Amino acid sequence: MSKFEELVFSGVQPTGALTLGNYLGAIQKFVALQDSHNCIYCIVDLHAITANLVHEDLRNQTRSIAAAFIASGIDPTKHIVFNQSAVPQHAELAWVFNCVARIGWMNRMTQFKDKAGKNRDNASLGLMAYPSLMAADILLYRATHVPVGDDQKQHLELARDIAQKFNIDFSERIGESGLGLDAVYGDKAVNAFFPITEPLIDGPAPRVMSLRDGTKKMSKSDPSDLSRINMTDDEELIVKKIRKAKTDPEPLPSEVAGLEGRAEADNLVGIFAALTNKSKADVLADYGGKAFSEFKPALTEVAIDTLAPINAEMRKLMDDPDHIDAILKDGSERAGAIAEKTMNGVKDIIGFLR
Ligand code: TYM
C-alpha cells in the first residue's frame, strides 16, 4: 500500500508572550524535526480572534512568533514559516470541515468548554469551530506528523476523525479522481485523500506546569506572571521565578517513580530534562537525594543558557519588521501553492464547479 509522504505541520497562536511551555512542548521539537522532515510552521492568526476579536497589536504579535521561531533555530529558507490568514484556503477548507464535523464532536472539546466557561451561548461560533480550522491547517498540506504539547491532543484526535469521515464519505469519488491512496479503517477499505495525522507529543515535558501550582498548565493567560517563564524574560526574572517556584520539603528522589504525587518536583525535573535533552531518569541520576536549594540554581543556569541567546536574537529580529514580513510573505507564497492544489482536489471531489 502506498503511503502519504511524511510532512510536519504545526501552529502557534499569536496571543501574548510565548512561555517555556510553548518552547518545550512545541518549538524545541519544531527545530529538531527540521533535520529529518520537510516542515511547515504557521502563526495561526485566524485562531487568535476566536476567543478575543479585537487585539491591540496583532501584526507585531504575529511578527514576534515568527521571530521566536527563527531565533530558536527554525530555518525559513529550508522549511516554510508563514501566517495563516495570508493563505485563504485555510478558511475555505475549514468551512468544508465545518460541514464534515458534527456539533456533538465540538461540544466534547475540553478546551472549548474551558474557554467558553459557563456562558456558552455567548462564546463566538469561531471558538466552537476552532478545532475544525485546526484540522484544515494540517490537512491543507496533507501533513502526516504534528508536534504539539499535550493540551492539543484532543484537537488532533478530532482532526483524525474529520479526515477519516471525509475519506469514507467521499471514498468512491476520491477513487474516481485518482487523487487518493488506499487505506483500511478497521476492516473497511477506503480511498483516502487525507492522511490520518500522527500527533508527536513525546519528550520529558509534554505538559509544562505552572511554577506556582504543579497541577495547572503553564499558560500565557495565567494572571500571575510568577507562574510562568516567558521566552522574553531577562536573566534576573528567570532567577527570581525559579527561586520562588513552589516545591515540597523533600529532597529529589533517585528514581522517576519517586516523583509520583509530587507535581511540582516532577514538573521542575521535566523542565530540566527537556532543556538539557535528557530523560528524567538521567536528571535524577545526577540530582537524586539533592535538595531544591541545590537543584534550583542548576535549573536556573540551564534555563538561562537556553533562553538568553534566543531572547537576544528575537530582539534583533524584531528591530527589523520589514525583514520578518518578507520572510512571512515568501512562506505564504510557498504554502499557498500547496494549499491551492489540495483545495482544488477537495473542490473536484465534492463537486464544486471551478
Ligand atoms: P498554542 O498557541 O496555545 O500553543 C502552541 C504550542 O505550545 C504548546 N503548549 C504547551 N506545551 C507544553 N506545556 C505547556 N504548558 C504548553 N502550553 C502550550 C501547545 O500544545 C502547542 O503545541 N491550537 C493550537 C495552535 C494550532 C495548531 C494548528 C497546532 C492551530 N492550528 C495545527 C498544531 C496543528 C494552539 O492554540 O496552540
# chains A, B, ... in the order shown; residues from 1 in each chain; ligands from 1
$ residues_near_ligand --ligand "ligand 1" --cutoff "8 Å" --atoms "only C-alpha atoms and all ligand atoms" --output "ChimeraX atom specification"
/A:9-15,19-27,42-44,47,130-131,133-138,146-153,155-156,205-210,217-220
$ residues_around --residues "Glu236 of chain A" --least-positions-apart "6" --cutoff "12 Å" --atoms "only C-alpha atoms" --output "number ranges by chain"
A: 229, 242-243, 300-301, 303-304, 308
$ write_last_selection --atoms "all heavy atoms" --output "PDB file, in the first residue's frame"
ATOM      1  N   ILE A 229       7.573  31.068  32.914  1.00  0.00           N
ATOM      2  CA  ILE A 229       8.751  31.741  32.373  1.00  0.00           C
ATOM      3  C   ILE A 229       8.393  32.114  30.942  1.00  0.00           C
ATOM      4  O   ILE A 229       7.946  31.262  30.168  1.00  0.00           O
ATOM      5  CB  ILE A 229       9.990  30.829  32.437  1.00  0.00           C
ATOM      6  CG1 ILE A 229      10.371  30.610  33.905  1.00  0.00           C
ATOM      7  CG2 ILE A 229      11.154  31.410  31.651  1.00  0.00           C
ATOM      8  CD1 ILE A 229      11.479  29.623  34.142  1.00  0.00           C
ATOM      9  N   ILE A 242      12.340  31.095  39.244  1.00  0.00           N
ATOM     10  CA  ILE A 242      12.698  29.732  39.660  1.00  0.00           C
ATOM     11  C   ILE A 242      12.932  29.694  41.176  1.00  0.00           C
ATOM     12  O   ILE A 242      12.560  28.739  41.857  1.00  0.00           O
ATOM     13  CB  ILE A 242      13.900  29.198  38.849  1.00  0.00           C
ATOM     14  CG1 ILE A 242      13.482  29.056  37.374  1.00  0.00           C
ATOM     15  CG2 ILE A 242      14.400  27.863  39.413  1.00  0.00           C
ATOM     16  CD1 ILE A 242      14.539  28.539  36.425  1.00  0.00           C
ATOM     17  N   ARG A 243      13.522  30.787  41.712  1.00  0.00           N
ATOM     18  CA  ARG A 243      13.725  30.831  43.173  1.00  0.00           C
ATOM     19  C   ARG A 243      12.389  30.738  43.898  1.00  0.00           C
ATOM     20  O   ARG A 243      12.246  30.055  44.905  1.00  0.00           O
ATOM     21  CB  ARG A 243      14.475  32.106  43.556  1.00  0.00           C
ATOM     22  CG  ARG A 243      14.827  32.174  45.028  1.00  0.00           C
ATOM     23  CD  ARG A 243      15.958  33.164  45.341  1.00  0.00           C
ATOM     24  NE  ARG A 243      15.964  34.356  44.520  1.00  0.00           N
ATOM     25  CZ  ARG A 243      15.203  35.434  44.741  1.00  0.00           C
ATOM     26  NH1 ARG A 243      14.370  35.471  45.759  1.00  0.00           N
ATOM     27  NH2 ARG A 243      15.290  36.484  43.944  1.00  0.00           N
ATOM     28  N   THR A 300      18.139  27.022  36.970  1.00  0.00           N
ATOM     29  CA  THR A 300      18.192  28.420  36.515  1.00  0.00           C
ATOM     30  C   THR A 300      19.281  28.567  35.454  1.00  0.00           C
ATOM     31  O   THR A 300      19.083  29.206  34.420  1.00  0.00           O
ATOM     32  CB  THR A 300      18.507  29.349  37.713  1.00  0.00           C
ATOM     33  OG1 THR A 300      17.529  29.102  38.716  1.00  0.00           O
ATOM     34  CG2 THR A 300      18.471  30.805  37.311  1.00  0.00           C
ATOM     35  N   GLU A 301      20.411  27.940  35.712  1.00  0.00           N
ATOM     36  CA  GLU A 301      21.529  28.069  34.781  1.00  0.00           C
ATOM     37  C   GLU A 301      21.175  27.481  33.408  1.00  0.00           C
ATOM     38  O   GLU A 301      21.419  28.121  32.372  1.00  0.00           O
ATOM     39  CB  GLU A 301      22.747  27.353  35.368  1.00  0.00           C
ATOM     40  CG  GLU A 301      24.033  27.771  34.714  1.00  0.00           C
ATOM     41  CD  GLU A 301      25.217  27.035  35.323  1.00  0.00           C
ATOM     42  OE1 GLU A 301      25.295  26.932  36.570  1.00  0.00           O
ATOM     43  OE2 GLU A 301      26.046  26.541  34.535  1.00  0.00           O
ATOM     44  N   ALA A 303      18.222  27.034  32.162  1.00  0.00           N
ATOM     45  CA  ALA A 303      17.143  27.834  31.544  1.00  0.00           C
ATOM     46  C   ALA A 303      17.735  29.079  30.889  1.00  0.00           C
ATOM     47  O   ALA A 303      17.398  29.427  29.748  1.00  0.00           O
ATOM     48  CB  ALA A 303      16.093  28.204  32.573  1.00  0.00           C
ATOM     49  N   ILE A 304      18.636  29.736  31.598  1.00  0.00           N
ATOM     50  CA  ILE A 304      19.247  30.951  31.043  1.00  0.00           C
ATOM     51  C   ILE A 304      20.128  30.603  29.834  1.00  0.00           C
ATOM     52  O   ILE A 304      20.104  31.297  28.817  1.00  0.00           O
ATOM     53  CB  ILE A 304      20.032  31.706  32.131  1.00  0.00           C
ATOM     54  CG1 ILE A 304      19.035  32.303  33.142  1.00  0.00           C
ATOM     55  CG2 ILE A 304      20.920  32.804  31.530  1.00  0.00           C
ATOM     56  CD1 ILE A 304      19.652  32.952  34.359  1.00  0.00           C
ATOM     57  N   ALA A 308      18.553  32.820  26.973  1.00  0.00           N
ATOM     58  CA  ALA A 308      19.202  34.126  26.767  1.00  0.00           C
ATOM     59  C   ALA A 308      19.604  34.367  25.306  1.00  0.00           C
ATOM     60  O   ALA A 308      19.291  35.425  24.749  1.00  0.00           O
ATOM     61  CB  ALA A 308      20.386  34.295  27.716  1.00  0.00           C
TER      62      ALA A 308
END
$ closest_residue --among "A:Lys278, A:Gly214, A:Lys290, A:Asn60" --to "Asp322 of chain A" --atoms "only C-alpha atoms"
A:Asn60
$ select_by_dssp --residues "segment 131-179 of chain A" --states "helix (DSSP H, G or I)" --output "PyMOL selection string"
chain A and resi 131-139+150-169+171-177
$ select_by_dssp --residues "segment 83-258 of chain A" --states "strand (DSSP E)" --output "PyMOL selection string"
chain A and resi 83+145-147+181-185+188-192+198-200
$ write_last_selection --atoms "N, CA, C and O atoms" --output "PDB file, in the first residue's frame"
ATOM      1  N   ASN A  83       2.088  33.145   8.067  1.00  0.00           N
ATOM      2  CA  ASN A  83       0.905  33.386   8.888  1.00  0.00           C
ATOM      3  C   ASN A  83      -0.349  32.937   8.150  1.00  0.00           C
ATOM      4  O   ASN A  83      -0.521  33.177   6.945  1.00  0.00           O
ATOM      5  N   HIS A 145       2.563  14.396  10.322  1.00  0.00           N
ATOM      6  CA  HIS A 145       3.052  14.446  11.697  1.00  0.00           C
ATOM      7  C   HIS A 145       2.891  15.854  12.270  1.00  0.00           C
ATOM      8  O   HIS A 145       3.254  16.832  11.611  1.00  0.00           O
ATOM      9  N   VAL A 146       2.376  15.926  13.494  1.00  0.00           N
ATOM     10  CA  VAL A 146       2.109  17.223  14.109  1.00  0.00           C
ATOM     11  C   VAL A 146       2.682  17.291  15.526  1.00  0.00           C
ATOM     12  O   VAL A 146       2.138  16.695  16.461  1.00  0.00           O
ATOM     13  N   PRO A 147       3.804  18.005  15.691  1.00  0.00           N
ATOM     14  CA  PRO A 147       4.372  18.156  17.040  1.00  0.00           C
ATOM     15  C   PRO A 147       3.585  19.199  17.834  1.00  0.00           C
ATOM     16  O   PRO A 147       3.424  20.334  17.375  1.00  0.00           O
ATOM     17  N   LEU A 181      -5.155   7.585  -1.895  1.00  0.00           N
ATOM     18  CA  LEU A 181      -4.335   6.402  -1.658  1.00  0.00           C
ATOM     19  C   LEU A 181      -5.213   5.354  -0.979  1.00  0.00           C
ATOM     20  O   LEU A 181      -6.186   5.701  -0.296  1.00  0.00           O
ATOM     21  N   ASP A 182      -4.856   4.074  -1.139  1.00  0.00           N
ATOM     22  CA  ASP A 182      -5.630   3.015  -0.475  1.00  0.00           C
ATOM     23  C   ASP A 182      -5.407   3.082   1.025  1.00  0.00           C
ATOM     24  O   ASP A 182      -4.285   3.280   1.477  1.00  0.00           O
ATOM     25  N   ALA A 183      -6.491   2.918   1.778  1.00  0.00           N
ATOM     26  CA  ALA A 183      -6.348   2.862   3.232  1.00  0.00           C
ATOM     27  C   ALA A 183      -7.347   1.858   3.777  1.00  0.00           C
ATOM     28  O   ALA A 183      -8.320   1.515   3.099  1.00  0.00           O
ATOM     29  N   VAL A 184      -7.089   1.375   4.985  1.00  0.00           N
ATOM     30  CA  VAL A 184      -8.026   0.458   5.631  1.00  0.00           C
ATOM     31  C   VAL A 184      -8.325   0.994   7.024  1.00  0.00           C
ATOM     32  O   VAL A 184      -7.410   1.239   7.820  1.00  0.00           O
ATOM     33  N   TYR A 185      -9.614   1.259   7.308  1.00  0.00           N
ATOM     34  CA  TYR A 185     -10.017   1.680   8.653  1.00  0.00           C
ATOM     35  C   TYR A 185     -10.791   0.523   9.267  1.00  0.00           C
ATOM     36  O   TYR A 185     -11.887   0.216   8.819  1.00  0.00           O
ATOM     37  N   LYS A 188     -12.559  -1.826   6.895  1.00  0.00           N
ATOM     38  CA  LYS A 188     -13.144  -1.112   5.772  1.00  0.00           C
ATOM     39  C   LYS A 188     -12.039  -0.576   4.840  1.00  0.00           C
ATOM     40  O   LYS A 188     -11.176   0.178   5.287  1.00  0.00           O
ATOM     41  N   ALA A 189     -12.105  -0.937   3.575  1.00  0.00           N
ATOM     42  CA  ALA A 189     -11.129  -0.407   2.608  1.00  0.00           C
ATOM     43  C   ALA A 189     -11.680   0.895   2.033  1.00  0.00           C
ATOM     44  O   ALA A 189     -12.824   0.946   1.606  1.00  0.00           O
ATOM     45  N   VAL A 190     -10.883   1.955   2.085  1.00  0.00           N
ATOM     46  CA  VAL A 190     -11.327   3.244   1.545  1.00  0.00           C
ATOM     47  C   VAL A 190     -10.228   3.868   0.696  1.00  0.00           C
ATOM     48  O   VAL A 190      -9.046   3.525   0.831  1.00  0.00           O
ATOM     49  N   ASN A 191     -10.653   4.801  -0.142  1.00  0.00           N
ATOM     50  CA  ASN A 191      -9.686   5.653  -0.836  1.00  0.00           C
ATOM     51  C   ASN A 191      -9.510   6.893   0.023  1.00  0.00           C
ATOM     52  O   ASN A 191     -10.490   7.560   0.336  1.00  0.00           O
ATOM     53  N   ALA A 192      -8.268   7.172   0.406  1.00  0.00           N
ATOM     54  CA  ALA A 192      -8.035   8.284   1.334  1.00  0.00           C
ATOM     55  C   ALA A 192      -7.440   9.472   0.599  1.00  0.00           C
ATOM     56  O   ALA A 192      -6.403   9.344  -0.060  1.00  0.00           O
ATOM     57  N   GLU A 198      -0.458  11.759  12.624  1.00  0.00           N
ATOM     58  CA  GLU A 198       0.126  11.292  13.899  1.00  0.00           C
ATOM     59  C   GLU A 198       0.510  12.482  14.765  1.00  0.00           C
ATOM     60  O   GLU A 198       1.315  13.322  14.340  1.00  0.00           O
ATOM     61  N   PRO A 199       0.008  12.562  15.985  1.00  0.00           N
ATOM     62  CA  PRO A 199       0.498  13.602  16.892  1.00  0.00           C
ATOM     63  C   PRO A 199       1.875  13.227  17.433  1.00  0.00           C
ATOM     64  O   PRO A 199       2.152  12.047  17.657  1.00  0.00           O
ATOM     65  N   LEU A 200       2.744  14.204  17.607  1.00  0.00           N
ATOM     66  CA  LEU A 200       4.055  13.952  18.232  1.00  0.00           C
ATOM     67  C   LEU A 200       4.071  14.700  19.564  1.00  0.00           C
ATOM     68  O   LEU A 200       4.253  15.915  19.597  1.00  0.00           O
TER      69      LEU A 200
END
$ atom_distance --atom1 "atom CA of Phe295 of chain A" --atom2 "atom CA of Met314 of chain A"
28.4 Å
$ residues_around --residues "Lys241 of chain A" --least-positions-apart "3" --cutoff "10 Å" --atoms "only C-alpha atoms" --output "VMD selection string"
chain A and resid 211 to 212 225 to 229 233 235 to 238 244 to 246 300
$ write_last_selection --atoms "C-alpha atoms" --output "mmCIF file, in the first residue's frame"
data_model
loop_
_atom_site.group_PDB
_atom_site.id
_atom_site.type_symbol
_atom_site.label_atom_id
_atom_site.label_comp_id
_atom_site.auth_asym_id
_atom_site.auth_seq_id
_atom_site.Cartn_x
_atom_site.Cartn_y
_atom_site.Cartn_z
ATOM 1 C CA LEU A 211 5.587 27.254 38.671
ATOM 2 C CA ARG A 212 3.075 28.228 41.364
ATOM 3 C CA ASP A 225 3.418 36.234 35.875
ATOM 4 C CA LEU A 226 5.327 34.234 38.503
ATOM 5 C CA SER A 227 3.511 31.112 37.294
ATOM 6 C CA ARG A 228 5.429 31.044 34.005
ATOM 7 C CA ILE A 229 8.751 31.741 32.373
ATOM 8 C CA ASP A 233 12.099 37.160 30.371
ATOM 9 C CA GLU A 235 18.028 36.666 33.389
ATOM 10 C CA GLU A 236 17.001 38.479 36.538
ATOM 11 C CA LEU A 237 13.376 37.465 36.106
ATOM 12 C CA ILE A 238 14.250 33.845 35.376
ATOM 13 C CA LYS A 244 10.065 31.428 44.005
ATOM 14 C CA ALA A 245 8.796 28.274 42.252
ATOM 15 C CA LYS A 246 6.688 26.122 44.539
ATOM 16 C CA THR A 300 18.192 28.420 36.515
#
$ closest_residue --among "A:Leu93, A:Ile40, A:Ala263, A:Leu158" --to "Ser332 of chain A" --atoms "only C-alpha atoms"
A:Ile40
$ residues_around --residues "segment 334-350 of chain A" --least-positions-apart "5" --cutoff "9 Å" --atoms "only C-alpha atoms" --output "mmCIF file with N, CA and C atoms, in the first residue's frame"
data_model
loop_
_atom_site.group_PDB
_atom_site.id
_atom_site.type_symbol
_atom_site.label_atom_id
_atom_site.label_comp_id
_atom_site.auth_asym_id
_atom_site.auth_seq_id
_atom_site.Cartn_x
_atom_site.Cartn_y
_atom_site.Cartn_z
ATOM 1 N N ILE A 40 6.350 22.627 7.946
ATOM 2 C CA ILE A 40 5.609 23.867 7.739
ATOM 3 C C ILE A 40 5.159 24.368 9.099
ATOM 4 N N ILE A 80 9.025 26.049 5.758
ATOM 5 C CA ILE A 80 8.072 27.138 5.484
ATOM 6 C C ILE A 80 7.578 27.734 6.797
ATOM 7 N N VAL A 81 7.702 29.055 6.917
ATOM 8 C CA VAL A 81 7.157 29.787 8.069
ATOM 9 C C VAL A 81 6.236 30.866 7.503
ATOM 10 N N PHE A 82 4.988 30.889 7.950
ATOM 11 C CA PHE A 82 4.039 31.866 7.400
ATOM 12 C C PHE A 82 2.896 32.105 8.363
ATOM 13 N N ALA A 86 -2.751 34.724 5.578
ATOM 14 C CA ALA A 86 -2.228 35.062 4.257
ATOM 15 C C ALA A 86 -2.509 33.963 3.234
ATOM 16 N N VAL A 87 -2.975 32.812 3.689
ATOM 17 C CA VAL A 87 -3.307 31.720 2.768
ATOM 18 C C VAL A 87 -4.805 31.431 2.927
ATOM 19 N N PRO A 88 -5.619 32.003 2.045
ATOM 20 C CA PRO A 88 -7.074 31.968 2.268
ATOM 21 C C PRO A 88 -7.680 30.567 2.279
ATOM 22 N N GLN A 89 -6.966 29.598 1.732
ATOM 23 C CA GLN A 89 -7.512 28.234 1.699
ATOM 24 C C GLN A 89 -7.701 27.638 3.092
ATOM 25 N N HIS A 90 -7.031 28.199 4.121
ATOM 26 C CA HIS A 90 -7.261 27.686 5.490
ATOM 27 C C HIS A 90 -8.725 27.873 5.867
ATOM 28 N N GLU A 92 -11.157 28.433 3.817
ATOM 29 C CA GLU A 92 -12.012 27.748 2.848
ATOM 30 C C GLU A 92 -12.188 26.261 3.208
ATOM 31 N N LEU A 93 -11.065 25.618 3.525
ATOM 32 C CA LEU A 93 -11.159 24.196 3.888
ATOM 33 C C LEU A 93 -11.859 24.040 5.246
ATOM 34 N N VAL A 96 -15.490 23.688 4.746
ATOM 35 C CA VAL A 96 -15.864 22.324 4.344
ATOM 36 C C VAL A 96 -15.868 21.415 5.572
ATOM 37 N N LEU A 139 -4.477 19.533 7.313
ATOM 38 C CA LEU A 139 -4.826 18.681 6.173
ATOM 39 C C LEU A 139 -4.709 19.412 4.837
ATOM 40 N N LEU A 140 -4.679 20.735 4.888
ATOM 41 C CA LEU A 140 -4.439 21.516 3.678
ATOM 42 C C LEU A 140 -3.095 21.141 3.054
ATOM 43 N N TYR A 141 -2.182 20.696 3.889
ATOM 44 C CA TYR A 141 -0.848 20.290 3.402
ATOM 45 C C TYR A 141 -0.724 18.771 3.395
ATOM 46 N N ARG A 142 -1.804 18.098 3.739
ATOM 47 C CA ARG A 142 -1.823 16.651 3.898
ATOM 48 C C ARG A 142 -0.650 16.209 4.784
ATOM 49 N N PHE A 170 -16.495 10.341 0.975
ATOM 50 C CA PHE A 170 -16.193 10.621 -0.441
ATOM 51 C C PHE A 170 -15.339 9.521 -1.091
ATOM 52 N N ARG A 173 -15.655 8.820 -4.837
ATOM 53 C CA ARG A 173 -15.225 9.927 -5.722
ATOM 54 C C ARG A 173 -13.721 10.163 -5.626
ATOM 55 N N ILE A 174 -13.179 9.929 -4.435
ATOM 56 C CA ILE A 174 -11.721 10.059 -4.303
ATOM 57 C C ILE A 174 -11.071 9.024 -5.218
ATOM 58 N N GLU A 176 -12.376 7.688 -7.941
ATOM 59 C CA GLU A 176 -12.559 8.104 -9.340
ATOM 60 C C GLU A 176 -11.602 9.216 -9.738
ATOM 61 N N SER A 177 -11.340 10.105 -8.777
ATOM 62 C CA SER A 177 -10.489 11.262 -9.088
ATOM 63 C C SER A 177 -9.024 10.869 -9.270
ATOM 64 N N LEU A 179 -6.955 10.853 -6.954
ATOM 65 C CA LEU A 179 -6.150 11.717 -6.081
ATOM 66 C C LEU A 179 -5.849 11.063 -4.730
ATOM 67 N N PHE A 193 -8.094 10.619 0.719
ATOM 68 C CA PHE A 193 -7.496 11.848 0.183
ATOM 69 C C PHE A 193 -6.641 12.505 1.254
ATOM 70 N N LYS A 329 6.005 36.589 3.914
ATOM 71 C CA LYS A 329 5.401 36.683 2.583
ATOM 72 C C LYS A 329 5.908 35.540 1.695
#
$ atom_distance --atom1 "atom CA of Val31 of chain A" --atom2 "atom CA of Ile310 of chain A"
12.6 Å
$ closest_residue --among "A:Ile271, A:Val54, A:Ala326, A:Leu353" --to "Leu299 of chain A" --atoms "only C-alpha atoms"
A:Ile271
